[in-house]
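Asker: Sending over a structure as C-alpha cells; questions will come in a sec.
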Amino acid sequence: MADLKHRILMVSDFFYPNFGGVENHIYYLSQCLLKLGHKVVVLTHAYGYRSGVRYMTGGLKVYYVPWRPFFMQNTCPTFYGTFPIIRTILLREKISLVHGHQAFSTLCHETLMHSRTMGYKVVFTDHSLYGFADVGSIHMNKVLQFTLADVTRAICVSHTSKENTVLRSGLPPEKVFVIPNAVDTAMFKPALVRLGRDEIVIVVISRLVYRKGADLLVEVIPEVCHLYPNVRFIVGGDGPKRVRLEEMREKHSLQDRVEMLGAVPHASVRSVLISGHIFLNSSLTEAFCIAILEAASCGLLTVSTRVGGVLPDDMIVLAEPDPSDMVHAIRKAISILPNIDPQVMHDRMKRLYNWNDVAERTEIVYNRALKCSDQSLLERLSRYLSCGAWAGKLFCLVMIIDFLIWRLLELLQPAKDIEEVPDVVLPCHQHGQRIEEIFRWKSE
C-alpha cells in the first residue's frame, strides 16, 4: 500500500510466548512501527504447538517456522538449511529491510547472512554484554564479527553496550546507533494507595543466576535484615542459584522476612512491584536493565550495581558489585525514601522512556540504512577477509557457498513464481480481541 513506508522483518529466536527483555522489545517496537504506517512481520521458531502463521494485536503477523530449539531457546545452527524458507518469506511479504535481534540468536545470524546475500539492507540490535576471556565469549565474539562484517547498521541499547559491541566485532563506531529501551508505563502504574513505612519492603525480580548477581544477594540480605528489623525482602525469579538463597534463609532463620516467589509471570510483575518500597538490582553485567524501568514506573526507588544505572541520579542509588557497598547503598536509599513520590516518579518515566520515541529513532536508522549503496559480492568479500588470517578466508568460503545456493534456488524456483501476500491492515482493537474473531465478523 502507498502509505506503508518500510516493510520490516523482525528476526530472533526469542519471542512470545517466551518472556524476557528481547521479547518485549521486539513486540512493543513492532506495535509502534505499525502505528507509524510501516508493515512489520516477525520471524521466530515454533514454541510447542504454536507453529505456522499467527496474528497478534494490531495485525502484527508472526511466522513460527517449524524448527525446534535445542539449547536455551536457540535453534540448531544449519548455515544453509534455513535459506529456502527465509527466502520465501522475504519474497512473499515483499520485505525491504531485515532487523535481527540478539547476538545469541542462531536464527538471527542465519537470516541476516541470507538477507545480505539476496541484497537486502539489514539492521542488527545487540541487547547484551559479553566478555573477552572465557571460551563461550570468544566463540560468540567471532560469530558476531562474522555477522556484523556486512551489516548495514547496528543498534545498541546503551553507550556501554555500544563500546562492548564495537570492541567485540570491530564494527566502525559511526555505523552503531544508541537507542535505549523503554517501558509500557500504562501497564506499570503505582499503587492507588501509598504504602506505609512501618515495614520497608525490598523487591528483587530477576533470574537467579551468577550473571544477575544472585551470589551478592546471599551476602547482602542477611546483613540488611540484621541492621533493620523492619525490613522484609520479596524475591521473585528462578534459576540455579535459588538453592543458595533458600540455604541462606534457613541458615539465618529469615523465613518470615525473605519471601521466595519463584518464577513470576510477566502479567504479575506489577502486582509484586507495588507491594514494595525499594527495588534491588544486583546484576554483574547488564546492557540495559528493563526491570529497573518497570520498577521506577511503579514508583519504587532503585538500588543497583553500576552496570544497571539507566535512571536519573535522583531516582536510583548506585553501588559497586560488592556486598558492603550494596548494603551502604540500601541504607542510603532507606534514608531518602520519605522524599520519594511514586506518582511523580511515574509521570517522569512516561516522559523519559516511551516506545513511540524508540520507534521514531529506529525509523531514522532504517532510513539511513536504506540510503546505503548496494555492493557487489567482491566488495562484500573484502570485508570478511579483514576478519582474520584464517577466519577471514573461512568466512569468504561460507558466503561464496551461500551465494551459489541462492542462485540455485533462483533457478529451481524463480522469484516471479512465488506468490506475494496481499497487505491486510486491521483497525486497532482493544482488550486483546482476537484476529480470528475480526475476520469471522467481517465474513458474516
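Each chain in the C-alpha cells gets a letter, A, B and so on, in the order shown; residues start at 1 in every chain, and ligands are counted from 1 in the order they appear.
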As a ChimeraX atom specification, which residues of range 157-262 of chain A does DSSP assign to strand (DSSP E)?
Answerer: /A:176-178,200-205,231-236,258-262
Asker: Dump as CSV the rows for residues of range 222-283 of chain A within 10 Å of range 192-200 of chain A: closest atom pair and distance in Å with one decimal, only C-alpha atoms counted, ordered by chain and rising residue number.
Answerer:
```
residue,atom,partner,partner_atom,distance
A:Tyr228,CA,A:Ile200,CA,9.0
A:Pro229,CA,A:Glu199,CA,8.8
A:Asn230,CA,A:Glu199,CA,5.0
A:Val231,CA,A:Ile200,CA,4.8
A:Arg232,CA,A:Ile200,CA,6.2
A:Phe233,CA,A:Ile200,CA,8.6
A:Ile274,CA,A:Leu195,CA,8.6
A:Ser275,CA,A:Leu195,CA,7.7
A:Gly276,CA,A:Ile200,CA,7.2
A:His277,CA,A:Ile200,CA,6.3
A:Ile278,CA,A:Ile200,CA,7.9
```
Asker: Between CA of Gly170 in chain A and CA of Phe146 in chain A, what is the distance, to one decimal in Å?
Answerer: 9.9 Å
Asker: Can you tell me, as a VMD selection string, which residues in range 234-390 of chain A count as alpha helix (DSSP H) by DSSP?
Answerer: chain A and resid 242 to 251 269 to 273 290 to 297 323 to 336 342 to 352 355 to 370 377 to 385
Asker: For the residues in the current selection, export C-alpha atoms as a CSV table (one decimal), in the first residue's frame.
Answerer:
```
chain,number,residue,atom,x,y,z
A,242,ARG,CA,17.8,-20.3,44.1
A,243,VAL,CA,19.1,-23.1,46.2
A,244,ARG,CA,21.8,-20.8,47.7
A,245,LEU,CA,19.2,-18.2,48.6
A,246,GLU,CA,17.0,-20.8,50.3
A,247,GLU,CA,20.0,-22.2,52.2
A,248,MET,CA,20.8,-18.6,53.3
A,249,ARG,CA,17.2,-18.1,54.5
A,250,GLU,CA,17.4,-21.3,56.5
A,251,LYS,CA,20.9,-20.6,58.0
A,269,VAL,CA,5.2,-8.4,37.8
A,270,ARG,CA,3.4,-5.1,38.6
A,271,SER,CA,1.4,-6.7,41.5
A,272,VAL,CA,4.7,-7.8,43.0
A,273,LEU,CA,6.4,-4.4,42.5
A,290,ILE,CA,14.3,-3.1,31.7
A,291,ALA,CA,13.4,-4.3,35.2
A,292,ILE,CA,14.7,-1.1,36.6
A,293,LEU,CA,12.4,0.9,34.3
A,294,GLU,CA,9.4,-1.2,35.3
A,295,ALA,CA,10.2,-0.7,39.0
A,296,ALA,CA,10.7,3.1,38.6
A,297,SER,CA,7.4,3.3,36.6
A,323,PRO,CA,28.3,-6.7,49.4
A,324,SER,CA,29.5,-4.0,51.7
A,325,ASP,CA,29.0,-1.2,49.2
A,326,MET,CA,25.5,-2.5,48.3
A,327,VAL,CA,24.5,-2.6,52.0
A,328,HIS,CA,25.7,1.0,52.2
A,329,ALA,CA,23.6,1.9,49.2
A,330,ILE,CA,20.5,0.3,50.7
A,331,ARG,CA,21.0,2.3,53.9
A,332,LYS,CA,21.2,5.5,51.8
A,333,ALA,CA,18.0,4.5,49.9
A,334,ILE,CA,16.1,3.9,53.1
A,335,SER,CA,17.1,7.3,54.4
A,336,ILE,CA,15.9,9.2,51.4
A,342,PRO,CA,5.6,7.3,43.4
A,343,GLN,CA,3.2,9.2,41.2
A,344,VAL,CA,5.8,11.9,40.4
A,345,MET,CA,8.3,9.3,39.5
A,346,HIS,CA,5.8,7.5,37.3
A,347,ASP,CA,5.0,10.7,35.4
A,348,ARG,CA,8.7,11.3,34.8
A,349,MET,CA,9.1,7.8,33.4
A,350,LYS,CA,6.3,8.5,30.9
A,351,ARG,CA,8.2,11.4,29.5
A,352,LEU,CA,11.7,9.8,29.6
A,355,TRP,CA,8.2,3.1,22.9
A,356,ASN,CA,6.9,5.7,20.5
A,357,ASP,CA,10.2,7.6,20.9
A,358,VAL,CA,12.1,4.4,20.4
A,359,ALA,CA,10.2,3.6,17.2
A,360,GLU,CA,10.8,7.1,15.8
A,361,ARG,CA,14.5,6.9,16.4
A,362,THR,CA,14.6,3.4,15.0
A,363,GLU,CA,12.8,4.7,11.9
A,364,ILE,CA,15.7,7.1,11.4
A,365,VAL,CA,18.2,4.2,11.4
A,366,TYR,CA,16.1,2.4,8.9
A,367,ASN,CA,16.0,5.4,6.6
A,368,ARG,CA,19.8,5.7,6.7
A,369,ALA,CA,20.3,2.0,6.1
A,370,LEU,CA,18.1,2.1,3.0
A,377,LEU,CA,29.8,-9.8,-3.9
A,378,LEU,CA,33.5,-9.0,-4.3
A,379,GLU,CA,33.1,-5.8,-2.3
A,380,ARG,CA,31.4,-7.7,0.5
A,381,LEU,CA,34.0,-10.5,0.5
A,382,SER,CA,36.7,-7.9,1.1
A,383,ARG,CA,35.1,-7.1,4.4
A,384,TYR,CA,35.2,-10.7,5.5
A,385,LEU,CA,38.8,-11.1,4.6
```
Asker: Which one of A:Leu404, A:Val41, A:Leu97, A:Ile85 sits closest to Glu110 in chain A if you count only C-alpha atoms?
Answerer: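 So, comparing all the options, the nearest one is A:Ile85.
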Asker: Which of these residues is nearest to Lys61 in chain A, using only C-alpha atoms: A:Val135, A:Ala154, A:Leu318, A:Ile8?
Answerer: A:Ile8
Asker: So that I can see what lies close to range 411-418 of chain A, please list as number ranges by chain the residues with an atom at most 8 Å from it, counting only C-alpha atoms and leaving out residues fewer than 3 positions away in the same chain.
Answerer: A: 88, 91-92, 407-408
Asker: From the list A:Thr111, A:Asn181, A:Ser96, A:Asn24, which residue is nearest Val40 in chain A when using only C-alpha atoms?
Answerer: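 Among the listed residues, the smallest separation from Val40 in chain A belongs to A:Ser96.
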Asker: Which is closest to Cys156 in chain A among A:Val176, A:Leu300, A:Ala103, A:Ala191, if we use only C-alpha atoms?
Answerer: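 Among A:Val176, A:Leu300, A:Ala103, A:Ala191, it is A:Val176 that comes nearest to Cys156 in chain A.
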Asker: Do a neighbour search on Pro69 in chain A at 10 Å with only C-alpha atoms, toss out local chain neighbours closer than 2 positions, and write the hits as a list in words.
Answerer: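 Listing them by chain and then by number gives Asp13, His45, Ala46, Tyr47, Gly48, Pro66, Trp67, Phe71, Met72, Gln73, Asn74, Thr75, Cys76 and Thr106 of chain A.
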Asker: What does the file look like for those residues with C-alpha atoms, as a JSON list (two decimals), in the first residue's frame?
Answerer:
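The result, written out as again27.json:
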```
[["chain", "number", "residue", "atom", "x", "y", "z"],
["A", 13, "ASP", "CA", 14.81, -16.90, 18.35],
["A", 45, "HIS", "CA", 10.89, -20.61, 15.68],
["A", 46, "ALA", "CA", 7.98, -22.75, 16.82],
["A", 47, "TYR", "CA", 7.10, -22.84, 20.52],
["A", 48, "GLY", "CA", 5.46, -26.14, 21.43],
["A", 66, "PRO", "CA", 8.59, -25.39, 12.38],
["A", 67, "TRP", "CA", 12.08, -25.62, 13.87],
["A", 71, "PHE", "CA", 19.67, -25.09, 23.57],
["A", 72, "MET", "CA", 18.36, -22.13, 25.60],
["A", 73, "GLN", "CA", 15.55, -21.43, 23.08],
["A", 74, "ASN", "CA", 18.04, -21.33, 20.17],
["A", 75, "THR", "CA", 17.54, -23.31, 17.00],
["A", 76, "CYS", "CA", 20.29, -25.65, 15.85],
["A", 106, "THR", "CA", 21.14, -18.52, 15.75]]
```
Asker: Need to verify the contact set: Arg50 in chain A, 10 Å, only C-alpha atoms, exclusion of same-chain residues closer than 5 positions in sequence. Can you return it as number ranges by chain?
Answerer: A: 16-17, 45, 63-66
Asker: Pick the closest to Gln375 in chain A from A:Arg168, A:His101, A:Arg116, A:Arg257: which is it, counting only C-alpha atoms?
Answerer: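 Ranking A:Arg168, A:His101, A:Arg116, A:Arg257 by distance to Gln375 in chain A, first place goes to A:Arg116.
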